[in-house]
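S.K.: This is the content of upload.cif (mmCIF, C-alpha atoms):
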```
data_my_file
#
loop_
_atom_site.label_atom_id
_atom_site.label_comp_id
_atom_site.auth_asym_id
_atom_site.auth_seq_id
_atom_site.Cartn_x
_atom_site.Cartn_y
_atom_site.Cartn_z
CA MET A 1 0.00 0.00 0.00
CA ALA A 2 1.15 3.52 -0.72
CA LYS A 3 2.56 5.61 2.11
CA LYS A 4 -0.10 7.99 3.42
CA GLY A 5 0.07 11.49 1.98
CA LEU A 6 0.18 14.81 3.82
CA LEU A 7 -2.79 17.10 4.39
CA ILE A 8 -1.52 20.62 3.69
CA VAL A 9 -3.76 23.42 4.93
CA ILE A 10 -3.09 26.79 3.32
CA SER A 11 -4.67 29.66 5.19
CA GLY A 12 -4.19 33.33 5.93
CA PRO A 13 -5.88 36.70 5.51
CA SER A 14 -7.83 37.54 2.38
CA GLY A 15 -5.54 39.12 -0.20
CA ALA A 16 -2.39 37.31 0.99
CA GLY A 17 -2.28 35.32 -2.25
CA LYS A 18 -3.36 31.85 -1.07
CA GLY A 19 -5.20 31.06 -4.30
CA THR A 20 -2.33 31.97 -6.61
CA ILE A 21 0.12 29.94 -4.52
CA CYS A 22 -2.16 26.88 -4.51
CA LYS A 23 -2.69 27.04 -8.26
CA GLN A 24 1.04 27.16 -8.95
CA LEU A 25 1.74 24.35 -6.48
CA LEU A 26 -0.84 22.13 -8.17
CA ALA A 27 0.67 22.87 -11.56
CA GLU A 28 4.19 22.03 -10.39
CA GLU A 29 3.64 19.05 -8.09
CA SER A 30 2.06 15.94 -9.58
CA GLN A 31 1.66 14.16 -6.22
CA LEU A 32 -0.58 16.99 -5.01
CA ARG A 33 -4.38 16.92 -5.12
CA TYR A 34 -6.84 19.72 -4.43
CA SER A 35 -9.71 19.13 -2.03
CA ILE A 36 -13.08 20.02 -3.56
CA SER A 37 -15.52 21.77 -1.22
CA ALA A 38 -19.21 21.07 -0.95
CA THR A 39 -21.62 24.01 -1.05
CA THR A 40 -25.33 24.78 -1.02
CA ARG A 41 -24.92 27.89 -3.16
CA PRO A 42 -26.18 27.51 -6.74
CA PRO A 43 -23.56 26.77 -9.44
CA ARG A 44 -22.29 29.85 -11.29
CA LYS A 45 -22.00 29.87 -15.07
CA GLY A 46 -19.21 27.51 -16.15
CA GLU A 47 -18.93 25.68 -12.81
CA THR A 48 -19.09 21.89 -12.94
CA ASN A 49 -20.42 19.69 -10.15
CA GLY A 50 -17.65 17.47 -8.76
CA LYS A 51 -14.93 19.63 -10.31
CA ASP A 52 -15.35 23.17 -9.00
CA TYR A 53 -17.64 22.26 -6.11
CA ILE A 54 -19.85 19.44 -4.95
CA PHE A 55 -23.25 21.14 -5.21
CA LEU A 56 -25.72 19.98 -2.56
CA ASP A 57 -29.13 21.14 -1.42
CA GLU A 58 -29.46 22.23 2.18
CA GLU A 59 -31.01 18.95 3.31
CA GLN A 60 -28.14 16.91 1.87
CA PHE A 61 -25.60 19.28 3.40
CA MET A 62 -27.18 19.12 6.87
CA LYS A 63 -27.33 15.32 6.77
CA MET A 64 -23.62 15.16 5.97
CA ARG A 65 -22.85 17.71 8.65
CA ASP A 66 -24.88 15.83 11.27
CA ARG A 67 -23.12 12.56 10.39
CA GLY A 68 -19.78 14.35 10.99
CA GLU A 69 -18.78 13.98 7.37
CA PHE A 70 -17.13 17.40 7.11
CA LEU A 71 -13.61 18.22 8.25
CA GLU A 72 -14.93 21.75 8.66
CA TRP A 73 -17.99 23.69 7.59
CA ALA A 74 -19.23 27.26 7.72
CA GLU A 75 -22.18 29.42 6.77
CA VAL A 76 -21.33 32.45 4.67
CA TYR A 77 -24.12 34.89 3.68
CA GLY A 78 -26.78 32.18 4.00
CA ASN A 79 -24.90 29.53 2.00
CA PHE A 80 -23.15 26.55 3.53
CA TYR A 81 -19.64 25.44 2.63
CA GLY A 82 -17.84 22.33 3.86
CA THR A 83 -14.83 20.09 3.28
CA PRO A 84 -15.92 16.44 2.86
CA LYS A 85 -13.73 14.21 4.99
CA LYS A 86 -14.14 11.06 2.85
CA ASN A 87 -12.66 12.53 -0.30
CA VAL A 88 -9.63 13.94 1.55
CA GLU A 89 -8.97 10.67 3.36
CA GLU A 90 -9.25 8.58 0.21
CA GLN A 91 -6.64 10.66 -1.55
CA LEU A 92 -4.32 10.63 1.48
CA ASN A 93 -4.64 6.84 1.72
CA GLN A 94 -3.72 6.55 -1.95
CA GLY A 95 -0.48 8.37 -1.11
CA TYR A 96 -1.38 11.77 -2.58
CA ASP A 97 -0.73 14.96 -0.68
CA VAL A 98 -3.94 16.96 -0.39
CA ILE A 99 -3.94 20.75 -0.38
CA LEU A 100 -6.75 22.73 1.17
CA GLU A 101 -7.14 26.48 0.79
CA ILE A 102 -9.30 27.75 3.57
CA ASP A 103 -10.05 30.67 5.87
CA ILE A 104 -8.62 30.87 9.37
CA GLN A 105 -11.71 29.69 11.25
CA GLY A 106 -11.94 26.64 8.95
CA ALA A 107 -8.26 25.88 9.41
CA LEU A 108 -8.63 25.93 13.19
CA GLN A 109 -11.60 23.53 12.95
CA ILE A 110 -9.50 21.14 10.86
CA LYS A 111 -6.58 21.35 13.26
CA ARG A 112 -8.76 19.99 16.05
CA LYS A 113 -9.91 17.02 13.94
CA PHE A 114 -6.74 16.43 12.00
CA PRO A 115 -3.75 17.61 14.06
CA GLU A 116 -1.31 15.64 11.87
CA GLY A 117 -1.99 18.09 9.03
CA VAL A 118 0.59 20.70 8.05
CA PHE A 119 -0.80 24.16 8.75
CA ILE A 120 0.70 26.97 6.70
CA PHE A 121 -0.17 30.63 7.17
CA ILE A 122 0.39 32.84 4.13
CA VAL A 123 1.03 36.50 4.91
CA PRO A 124 1.55 39.53 2.72
CA PRO A 125 4.92 41.24 3.18
CA SER A 126 3.16 44.22 4.81
CA LEU A 127 -0.29 45.67 5.37
CA GLU A 128 0.55 48.43 2.87
CA GLU A 129 1.21 45.77 0.23
CA LEU A 130 -2.03 44.00 1.15
CA GLU A 131 -3.97 47.25 0.73
CA SER A 132 -2.40 47.84 -2.66
CA ARG A 133 -3.26 44.28 -3.78
CA ILE A 134 -6.88 44.48 -2.69
CA THR A 135 -7.24 47.92 -4.30
CA LYS A 136 -5.73 46.69 -7.59
CA ARG A 137 -8.22 43.81 -7.72
CA GLY A 138 -10.81 46.56 -8.14
CA THR A 139 -13.66 44.44 -6.82
CA ASP A 140 -14.12 46.15 -3.46
CA SER A 141 -15.35 49.55 -2.33
CA GLN A 142 -13.19 51.75 -0.07
CA GLU A 143 -15.32 50.72 2.87
CA VAL A 144 -14.91 47.00 2.15
CA ILE A 145 -11.16 47.47 1.69
CA ALA A 146 -10.91 49.19 5.08
CA ARG A 147 -12.88 46.34 6.66
CA ARG A 148 -10.68 43.70 4.99
CA LEU A 149 -7.49 45.41 6.19
CA ASN A 150 -8.84 45.68 9.69
CA SER A 151 -9.75 41.99 9.81
CA ALA A 152 -6.40 41.03 8.20
CA ALA A 153 -4.56 42.81 10.99
CA LYS A 154 -6.61 40.85 13.53
CA GLU A 155 -6.18 37.57 11.68
CA LEU A 156 -2.40 37.90 11.78
CA GLU A 157 -2.61 37.22 15.49
CA TYR A 158 -3.47 33.61 14.67
CA VAL A 159 -0.05 32.97 13.18
CA CYS A 160 1.14 31.10 16.28
CA GLU A 161 -1.57 28.46 15.80
CA TYR A 162 0.18 27.44 12.59
CA ASP A 163 3.19 25.22 11.95
CA TYR A 164 4.67 27.58 9.38
CA VAL A 165 4.33 31.15 8.18
CA VAL A 166 5.21 31.91 4.58
CA VAL A 167 5.67 35.52 3.51
CA ASN A 168 4.29 35.99 0.02
CA ASP A 169 6.72 38.65 -1.18
CA GLU A 170 7.05 36.96 -4.57
CA VAL A 171 4.78 34.12 -5.66
CA ASP A 172 7.66 31.97 -6.98
CA LYS A 173 9.59 32.29 -3.74
CA ALA A 174 6.51 31.59 -1.64
CA VAL A 175 5.76 28.46 -3.71
CA GLN A 176 9.36 27.26 -3.26
CA ARG A 177 9.01 27.74 0.50
CA VAL A 178 5.80 25.71 0.63
CA LYS A 179 7.47 22.96 -1.41
CA ALA A 180 10.43 22.95 1.00
CA ILE A 181 7.98 22.63 3.90
CA ILE A 182 6.35 19.59 2.26
CA THR A 183 9.77 17.96 1.70
CA ALA A 184 10.85 18.71 5.27
CA GLU A 185 7.62 17.41 6.81
CA LYS A 186 8.15 14.10 5.01
CA CYS A 187 11.43 13.81 6.94
CA ARG A 188 9.70 14.05 10.32
CA PRO A 189 10.48 10.89 12.34
CA HIS A 190 6.84 10.35 13.36
CA ARG A 191 5.75 10.34 9.71
CA ARG A 192 8.21 7.65 8.66
CA GLU A 193 8.53 4.01 9.37
CA ILE A 194 12.28 3.64 9.34
CA ASN A 195 13.07 0.82 6.97
CA ILE A 196 15.91 -0.47 9.07
CA GLN A 197 15.49 -3.13 11.70
CA MET B 198 21.52 43.71 13.18
CA ALA B 199 21.32 40.51 11.15
CA LYS B 200 18.60 37.98 11.97
CA LYS B 201 20.07 35.17 14.08
CA GLY B 202 21.08 32.10 12.08
CA LEU B 203 20.10 28.47 12.65
CA LEU B 204 22.25 25.88 14.39
CA ILE B 205 21.97 22.73 12.28
CA VAL B 206 23.18 19.56 13.96
CA ILE B 207 23.91 16.70 11.56
CA SER B 208 24.22 13.36 13.30
CA GLY B 209 23.68 9.64 12.71
CA PRO B 210 25.53 6.34 12.68
CA SER B 211 29.06 6.09 11.36
CA GLY B 212 29.00 5.33 7.62
CA ALA B 213 25.68 7.08 6.99
CA GLY B 214 27.42 9.74 4.92
CA LYS B 215 27.26 12.75 7.27
CA GLY B 216 30.65 14.12 6.17
CA THR B 217 29.89 14.00 2.44
CA ILE B 218 26.53 15.68 2.95
CA CYS B 219 28.04 18.48 5.08
CA LYS B 220 30.81 19.13 2.55
CA GLN B 221 28.32 19.45 -0.31
CA LEU B 222 26.02 21.68 1.76
CA LEU B 223 28.90 24.02 2.59
CA ALA B 224 29.89 24.18 -1.07
CA GLU B 225 26.34 25.03 -2.18
CA GLU B 226 25.11 27.36 0.56
CA SER B 227 27.02 30.57 1.13
CA GLN B 228 25.12 31.51 4.31
CA LEU B 229 26.35 28.30 5.98
CA ARG B 230 29.37 28.07 8.27
CA TYR B 231 31.09 25.00 9.68
CA SER B 232 31.79 24.76 13.39
CA ILE B 233 35.43 23.91 14.10
CA SER B 234 36.02 21.47 16.97
CA ALA B 235 38.69 21.74 19.61
CA THR B 236 40.84 18.68 20.33
CA THR B 237 43.77 17.57 22.44
CA ARG B 238 45.00 15.06 19.89
CA PRO B 239 48.16 16.12 18.05
CA PRO B 240 47.73 17.65 14.57
CA ARG B 241 48.07 15.20 11.68
CA LYS B 242 50.18 16.03 8.63
CA GLY B 243 48.50 18.80 6.64
CA GLU B 244 46.10 19.86 9.42
CA THR B 245 46.06 23.56 10.28
CA ASN B 246 45.26 24.99 13.70
CA GLY B 247 42.09 27.09 13.54
CA LYS B 248 41.05 25.58 10.20
CA ASP B 249 40.77 21.81 10.67
CA TYR B 250 40.73 21.87 14.46
CA ILE B 251 41.56 24.15 17.34
CA PHE B 252 44.49 22.24 18.85
CA LEU B 253 44.72 22.56 22.62
CA ASP B 254 46.76 20.87 25.33
CA GLU B 255 44.87 18.99 28.00
CA GLU B 256 45.17 21.79 30.56
CA GLN B 257 43.69 24.36 28.17
CA PHE B 258 40.91 21.95 27.21
CA MET B 259 39.99 21.20 30.83
CA LYS B 260 39.91 24.90 31.72
CA MET B 261 37.48 25.57 28.87
CA ARG B 262 35.39 22.56 29.84
CA ASP B 263 35.23 23.63 33.49
CA ARG B 264 34.19 27.14 32.49
CA GLY B 265 31.31 25.59 30.49
CA GLU B 266 32.74 26.85 27.22
CA PHE B 267 31.83 23.74 25.22
CA LEU B 268 28.41 23.00 23.73
CA GLU B 269 29.45 19.35 24.07
CA TRP B 270 32.64 17.46 24.70
CA ALA B 271 33.78 13.82 24.75
CA GLU B 272 36.83 11.66 25.34
CA VAL B 273 37.65 9.25 22.54
CA TYR B 274 40.60 6.86 22.95
CA GLY B 275 42.32 9.14 25.45
CA ASN B 276 41.89 12.34 23.41
CA PHE B 277 39.38 15.07 24.14
CA TYR B 278 37.11 16.69 21.58
CA GLY B 279 34.75 19.60 22.11
CA THR B 280 32.58 22.17 20.34
CA PRO B 281 33.45 25.70 21.51
CA LYS B 282 30.25 27.59 22.27
CA LYS B 283 31.66 31.08 21.61
CA ASN B 284 32.54 30.50 17.99
CA VAL B 285 29.12 28.99 17.20
CA GLU B 286 27.25 31.82 18.91
CA GLU B 287 29.28 34.53 17.19
CA GLN B 288 28.46 33.14 13.77
CA LEU B 289 24.78 32.69 14.62
CA ASN B 290 24.60 36.29 15.86
CA GLN B 291 26.12 37.49 12.60
CA GLY B 292 23.20 35.79 10.82
CA TYR B 293 25.06 32.76 9.50
CA ASP B 294 23.61 29.28 9.80
CA VAL B 295 26.11 27.00 11.54
CA ILE B 296 26.38 23.32 10.68
CA LEU B 297 27.77 20.83 13.15
CA GLU B 298 28.61 17.24 12.23
CA ILE B 299 28.66 15.18 15.38
CA ASP B 300 28.06 11.75 16.89
CA ILE B 301 24.79 10.89 18.59
CA GLN B 302 25.94 11.35 22.18
CA GLY B 303 27.31 14.80 21.31
CA ALA B 304 24.09 15.75 19.54
CA LEU B 305 22.04 14.82 22.60
CA GLN B 306 24.32 16.95 24.82
CA ILE B 307 23.81 19.91 22.49
CA LYS B 308 20.04 19.40 22.43
CA ARG B 309 19.92 19.90 26.19
CA LYS B 310 21.90 23.17 26.00
CA PHE B 311 20.56 24.44 22.69
CA PRO B 312 17.04 23.09 22.13
CA GLU B 313 16.34 25.71 19.43
CA GLY B 314 18.85 23.92 17.17
CA VAL B 315 17.62 21.83 14.23
CA PHE B 316 18.54 18.20 14.83
CA ILE B 317 18.86 16.06 11.71
CA PHE B 318 19.54 12.34 11.78
CA ILE B 319 21.18 10.93 8.64
CA VAL B 320 20.49 7.23 8.01
CA PRO B 321 21.71 4.83 5.35
CA PRO B 322 18.92 3.32 3.20
CA SER B 323 19.55 -0.08 4.85
CA LEU B 324 22.00 -1.90 7.11
CA GLU B 325 23.14 -3.95 4.07
CA GLU B 326 24.03 -0.72 2.27
CA LEU B 327 25.84 0.54 5.38
CA GLU B 328 27.89 -2.69 5.53
CA SER B 329 28.81 -2.37 1.88
CA ARG B 330 29.88 1.28 2.36
CA ILE B 331 32.04 0.54 5.40
CA THR B 332 33.61 -2.48 3.64
CA LYS B 333 34.36 -0.41 0.51
CA ARG B 334 36.18 2.20 2.60
CA GLY B 335 38.70 -0.61 3.28
CA THR B 336 39.91 0.94 6.52
CA ASP B 337 38.31 -1.52 8.95
CA SER B 338 38.83 -5.20 9.78
CA GLN B 339 35.91 -7.65 9.64
CA GLU B 340 35.66 -7.47 13.41
CA VAL B 341 35.50 -3.67 13.46
CA ILE B 342 32.90 -3.72 10.67
CA ALA B 343 30.73 -6.12 12.67
CA ARG B 344 31.05 -3.86 15.73
CA ARG B 345 30.17 -0.75 13.70
CA LEU B 346 27.07 -2.42 12.24
CA ASN B 347 25.97 -3.58 15.64
CA SER B 348 26.29 -0.10 17.12
CA ALA B 349 24.61 1.49 14.06
CA ALA B 350 21.56 -0.74 14.61
CA LYS B 351 21.45 0.42 18.23
CA GLU B 352 21.99 4.06 17.31
CA LEU B 353 19.00 4.03 14.95
CA GLU B 354 16.82 3.83 18.03
CA TYR B 355 17.73 7.45 18.79
CA VAL B 356 15.93 8.67 15.68
CA CYS B 357 12.92 9.90 17.69
CA GLU B 358 15.13 12.33 19.61
CA TYR B 359 15.67 14.23 16.36
CA ASP B 360 13.54 16.77 14.52
CA TYR B 361 14.16 15.18 11.13
CA VAL B 362 15.47 11.95 9.63
CA VAL B 363 17.06 12.11 6.20
CA VAL B 364 17.65 8.89 4.29
CA ASN B 365 20.94 9.11 2.42
CA ASP B 366 20.00 6.98 -0.58
CA GLU B 367 21.71 9.43 -2.96
CA VAL B 368 23.92 12.26 -1.72
CA ASP B 369 22.32 14.87 -4.01
CA LYS B 370 18.83 13.98 -2.85
CA ALA B 371 19.89 13.94 0.81
CA VAL B 372 21.49 17.39 0.42
CA GLN B 373 18.31 18.74 -1.20
CA ARG B 374 16.29 17.40 1.74
CA VAL B 375 18.56 19.09 4.28
CA LYS B 376 18.30 22.36 2.33
CA ALA B 377 14.49 22.06 2.32
CA ILE B 378 14.58 21.50 6.10
CA ILE B 379 16.64 24.70 6.55
CA THR B 380 14.18 26.68 4.38
CA ALA B 381 11.18 25.22 6.23
CA GLU B 382 12.64 25.88 9.68
CA LYS B 383 13.09 29.55 8.75
CA CYS B 384 9.30 29.66 8.22
CA ARG B 385 8.57 28.51 11.80
CA PRO B 386 6.47 31.16 13.55
CA HIS B 387 8.64 31.14 16.68
CA ARG B 388 11.76 31.90 14.61
CA ARG B 389 10.26 34.93 12.93
CA GLU B 390 9.27 38.34 14.03
CA ILE B 391 6.32 39.03 11.81
CA ASN B 392 6.93 42.37 10.17
CA ILE B 393 3.30 43.37 10.29
CA GLN B 394 1.77 45.32 13.06
#
```
Show me the file's structure as structure tokens.
M.R.:
Amino acid sequence: MAKKGLLIVISGPSGAGKGTICKQLLAEESQLRYSISATTRPPRKGETNGKDYIFLDEEQFMKMRDRGEFLEWAEVYGNFYGTPKKNVEEQLNQGYDVILEIDIQGALQIKRKFPEGVFIFIVPPSLEELESRITKRGTDSQEVIARRLNSAAKELEYVCEYDYVVVNDEVDKAVQRVKAIITAEKCRPHRREINIQ
Amino acid sequence: MAKKGLLIVISGPSGAGKGTICKQLLAEESQLRYSISATTRPPRKGETNGKDYIFLDEEQFMKMRDRGEFLEWAEVYGNFYGTPKKNVEEQLNQGYDVILEIDIQGALQIKRKFPEGVFIFIVPPSLEELESRITKRGTDSQEVIARRLNSAAKELEYVCEYDYVVVNDEVDKAVQRVKAIITAEKCRPHRREINIQ
């Protein structure tokens, strides 16, 4: 049987660049799989069930939640989102590393259920840089930007709950750091059965 | 002032390839410095004081030991060997990472005095491979080889005292793993002051 893979949880404040880092990691690392979330929100144009999201109605979602089938779940603006445990565990058991991009509250939920995961906190090089990134995206009003910056500053206090903190000064460098973390974690004594008797 | 460097302790059974790995690391990584040991054994032909070893007489060595100036020390066949603390700390304070290649007992001594070090255990891919390496060296009798293998098997039990275990199946791969460990350890939250207020 294949050696069990690593669960890699990528988290951090909005605008830190989690999504870009995950995309590049998935493109570069063939042993890496992305965990697909379940949601009760309706599919947007172009989204495929089982690829972008697992689309569920609220009854299905609640049944799964009540059976403890989510590693974490949350309600956001009246829609439910969750990470199905089964899918993640199947991939890990097949020897794939599974990457999960998730907000801080979700990451803390997973840590309680899955402490053997590798928890990585992505941070922008500075709050000024974060402001400039969110502004450039052009999707948020000044008020929303101010709120995002305020909550980012608060969220940075959670850094000590994580195993690693990766500064996203340049995407390539940040991706290399995450890759080094994956390599290093595979050298942890408790993750290995030493092949020598 | 420069950010403090990492103390990297490379240890493991004799014949695992610690020396080769350290040499290649030092050649590839300019921020890395090698810690020079002190010894009471006489210099061999070609050895330079302050480069290969710090050569001391027994009185000098004992004075340093009694003043607690060694990170670790040991007596081997009537000669004393030690790692001077001052030199290591100076380099770390200048921001260099310091690499120390040392036997298991020495590594455990250092861990007690310097728990923030990164302790890496190098292992051969198998005991058969270790036997073949020691035999190929051609410096040991059959009896000595048997003794070395026996003690290597015992020493492998110490693996759980270390932060990482690196299998030296190929030197290049092992060196890449150690480099990844150094990169990852620099992303540990307790080693960083987050630059964001």
S.K.: Which residues of stretch 158-186 of chain A come within 10 Å of stretch 22-35 of chain A, and what is each one's closest atom pair and distance in Å (one decimal), counting only C-alpha atoms, sorted by chain and residue number, as a Markdown table?
M.R.:
```
| residue | atom | partner | partner_atom | distance |
| --- | --- | --- | --- | --- |
| A:Val171 | CA | A:Gln24 | CA | 8.6 |
| A:Asp172 | CA | A:Gln24 | CA | 8.4 |
| A:Ala174 | CA | A:Leu25 | CA | 9.9 |
| A:Val175 | CA | A:Leu25 | CA | 6.4 |
| A:Gln176 | CA | A:Leu25 | CA | 8.8 |
| A:Val178 | CA | A:Leu25 | CA | 8.3 |
| A:Lys179 | CA | A:Leu25 | CA | 7.8 |
```
S.K.: Please identify every residue of chain B that has at least one atom no farther than 12 Å from an atom of chain A, counting all atoms listed in the file, and for each give the shortest atom pair and the distance in Å to one decimal, arranged by chain then increasing number, as JSON lines.
M.R.:
```
{"residue": "B:Val315", "atom": "CA", "partner": "A:Ala184", "partner_atom": "CA", "distance": 11.7}
{"residue": "B:Phe316", "atom": "CA", "partner": "A:Arg188", "partner_atom": "CA", "distance": 10.8}
{"residue": "B:Ile317", "atom": "CA", "partner": "A:Cys187", "partner_atom": "CA", "distance": 9.1}
{"residue": "B:Phe318", "atom": "CA", "partner": "A:Pro189", "partner_atom": "CA", "distance": 9.2}
{"residue": "B:Ile319", "atom": "CA", "partner": "A:Cys187", "partner_atom": "CA", "distance": 10.3}
{"residue": "B:Val320", "atom": "CA", "partner": "A:Ile196", "partner_atom": "CA", "distance": 9.0}
{"residue": "B:Pro321", "atom": "CA", "partner": "A:Ile196", "partner_atom": "CA", "distance": 8.7}
{"residue": "B:Pro322", "atom": "CA", "partner": "A:Asn195", "partner_atom": "CA", "distance": 7.4}
{"residue": "B:Ser323", "atom": "CA", "partner": "A:Ile196", "partner_atom": "CA", "distance": 5.6}
{"residue": "B:Leu324", "atom": "CA", "partner": "A:Ile196", "partner_atom": "CA", "distance": 6.6}
{"residue": "B:Glu325", "atom": "CA", "partner": "A:Ile196", "partner_atom": "CA", "distance": 9.5}
{"residue": "B:Glu326", "atom": "CA", "partner": "A:Ile196", "partner_atom": "CA", "distance": 10.6}
{"residue": "B:Leu327", "atom": "CA", "partner": "A:Ile196", "partner_atom": "CA", "distance": 10.6}
{"residue": "B:Leu346", "atom": "CA", "partner": "A:Gln197", "partner_atom": "CA", "distance": 11.6}
{"residue": "B:Asn347", "atom": "CA", "partner": "A:Gln197", "partner_atom": "CA", "distance": 11.2}
{"residue": "B:Ala349", "atom": "CA", "partner": "A:Ile196", "partner_atom": "CA", "distance": 10.2}
{"residue": "B:Ala350", "atom": "CA", "partner": "A:Gln197", "partner_atom": "CA", "distance": 7.1}
{"residue": "B:Lys351", "atom": "CA", "partner": "A:Gln197", "partner_atom": "CA", "distance": 9.5}
{"residue": "B:Glu352", "atom": "CA", "partner": "A:Ile196", "partner_atom": "CA", "distance": 11.2}
{"residue": "B:Leu353", "atom": "CA", "partner": "A:Ile196", "partner_atom": "CA", "distance": 8.0}
{"residue": "B:Glu354", "atom": "CA", "partner": "A:Gln197", "partner_atom": "CA", "distance": 9.5}
{"residue": "B:Tyr355", "atom": "CA", "partner": "A:Pro189", "partner_atom": "CA", "distance": 10.3}
{"residue": "B:Val356", "atom": "CA", "partner": "A:Pro189", "partner_atom": "CA", "distance": 6.8}
{"residue": "B:Cys357", "atom": "CA", "partner": "A:Pro189", "partner_atom": "CA", "distance": 6.0}
{"residue": "B:Glu358", "atom": "CA", "partner": "A:Pro189", "partner_atom": "CA", "distance": 8.7}
{"residue": "B:Tyr359", "atom": "CA", "partner": "A:Pro189", "partner_atom": "CA", "distance": 7.4}
{"residue": "B:Asp360", "atom": "CA", "partner": "A:Arg188", "partner_atom": "CA", "distance": 6.3}
{"residue": "B:Tyr361", "atom": "CA", "partner": "A:Arg188", "partner_atom": "CA", "distance": 4.7}
{"residue": "B:Val362", "atom": "CA", "partner": "A:Cys187", "partner_atom": "CA", "distance": 5.2}
{"residue": "B:Val363", "atom": "CA", "partner": "A:Cys187", "partner_atom": "CA", "distance": 5.9}
{"residue": "B:Val364", "atom": "CA", "partner": "A:Cys187", "partner_atom": "CA", "distance": 8.4}
{"residue": "B:Asn365", "atom": "CA", "partner": "A:Cys187", "partner_atom": "CA", "distance": 11.5}
{"residue": "B:Asp366", "atom": "CA", "partner": "A:Asn195", "partner_atom": "CA", "distance": 12.0}
{"residue": "B:Lys370", "atom": "CA", "partner": "A:Thr183", "partner_atom": "CA", "distance": 10.9}
{"residue": "B:Ala371", "atom": "CA", "partner": "A:Cys187", "partner_atom": "CA", "distance": 10.4}
{"residue": "B:Val372", "atom": "CA", "partner": "A:Ala184", "partner_atom": "CA", "distance": 11.8}
{"residue": "B:Gln373", "atom": "CA", "partner": "A:Thr183", "partner_atom": "CA", "distance": 9.1}
{"residue": "B:Arg374", "atom": "CA", "partner": "A:Thr183", "partner_atom": "CA", "distance": 6.5}
{"residue": "B:Val375", "atom": "CA", "partner": "A:Ala184", "partner_atom": "CA", "distance": 7.8}
{"residue": "B:Lys376", "atom": "CA", "partner": "A:Ala180", "partner_atom": "CA", "distance": 8.0}
{"residue": "B:Ala377", "atom": "CA", "partner": "A:Ala180", "partner_atom": "CA", "distance": 4.4}
{"residue": "B:Ile378", "atom": "CA", "partner": "A:Ala184", "partner_atom": "CA", "distance": 4.7}
{"residue": "B:Ile379", "atom": "CA", "partner": "A:Ala184", "partner_atom": "CA", "distance": 8.4}
{"residue": "B:Thr380", "atom": "CA", "partner": "A:Ala180", "partner_atom": "CA", "distance": 6.3}
{"residue": "B:Ala381", "atom": "CA", "partner": "A:Ile181", "partner_atom": "CA", "distance": 4.7}
{"residue": "B:Glu382", "atom": "CA", "partner": "A:Ile181", "partner_atom": "CA", "distance": 8.1}
{"residue": "B:Lys383", "atom": "CA", "partner": "A:Tyr164", "partner_atom": "CA", "distance": 8.7}
{"residue": "B:Cys384", "atom": "CA", "partner": "A:Val165", "partner_atom": "CA", "distance": 5.2}
{"residue": "B:Arg385", "atom": "CA", "partner": "A:Tyr164", "partner_atom": "CA", "distance": 4.7}
{"residue": "B:Pro386", "atom": "CA", "partner": "A:Val165", "partner_atom": "CA", "distance": 5.8}
{"residue": "B:His387", "atom": "CA", "partner": "A:Cys160", "partner_atom": "CA", "distance": 7.5}
{"residue": "B:Arg388", "atom": "CA", "partner": "A:Tyr164", "partner_atom": "CA", "distance": 9.8}
{"residue": "B:Arg389", "atom": "CA", "partner": "A:Val165", "partner_atom": "CA", "distance": 8.5}
{"residue": "B:Glu390", "atom": "CA", "partner": "A:Val165", "partner_atom": "CA", "distance": 10.5}
{"residue": "B:Ile391", "atom": "CA", "partner": "A:Leu156", "partner_atom": "CA", "distance": 8.8}
{"residue": "B:Asn392", "atom": "CA", "partner": "A:Ser126", "partner_atom": "CA", "distance": 6.8}
{"residue": "B:Ile393", "atom": "CA", "partner": "A:Ser126", "partner_atom": "CA", "distance": 5.5}
{"residue": "B:Gln394", "atom": "CA", "partner": "A:Ala153", "partner_atom": "CA", "distance": 7.1}
```
S.K.: Applying 10 Å and all atoms listed in the file, which residues near stretch 343-345 of chain B remain after dropping the ones on its own chain fewer than 5 positions away? List them as number ranges by chain.
M.R.: B: 210-212, 327-328, 331, 337-338, 350-351
S.K.: Name the residues in contact with B:Glu287 at a cut-off of 12 Å, using all atoms listed in the file, excluding same-chain residues fewer than 5 positions from it; report them as a list in words.
M.R.: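 Close residues of B:Glu287: Ala199, Lys201, Gly202, Leu203, Leu204, Arg230, Ser232, Pro281, Lys282, Gly292, Tyr293, Asp294 and Val295 of chain B.
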S.K.: Which distance in Å separates atom CA of B:Trp270 and atom CA of B:Ile207, to one decimal?
M.R.: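 Interatomic distance here is 15.8 Å.
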S.K.: Quick check, in Å to one decimal: how far apart do atom CA of A:Ser37 and atom CA of A:Thr83 lie?
M.R.: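 Between atom CA of A:Ser37 and atom CA of A:Thr83 the gap works out to 4.9 Å.
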S.K.: Given the choices B:Tyr278, B:Ala213, B:Arg262, B:Glu286, which gets closest to B:Tyr250 if the distance is worked out from all atoms listed in the file?
M.R.: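 With all atoms listed in the file as the atom set, the closest residue is B:Tyr278.
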S.K.: Please, what distance in Å, to one decimal, runs between atom CA of A:Gly12 and atom CA of A:Ala74?
M.R.: 16.3 Å
S.K.: Using all atoms listed in the file, determine which residues lie at most 7 Å from B:Glu298, disregarding the query and same-chain residues fewer than 5 positions distant; provide the list as an MDAnalysis selection string.
M.R.: chainID B and resid 206:208 215
S.K.: Convert the current residue selection to file output with C-alpha atoms, as an mmCIF file, in the coordinates of the input.
M.R.:
```
data_model
loop_
_atom_site.group_PDB
_atom_site.id
_atom_site.type_symbol
_atom_site.label_atom_id
_atom_site.label_comp_id
_atom_site.auth_asym_id
_atom_site.auth_seq_id
_atom_site.Cartn_x
_atom_site.Cartn_y
_atom_site.Cartn_z
ATOM 1 C CA VAL B 206 23.180 19.560 13.960
ATOM 2 C CA ILE B 207 23.910 16.700 11.560
ATOM 3 C CA SER B 208 24.220 13.360 13.300
ATOM 4 C CA LYS B 215 27.260 12.750 7.270
#
```
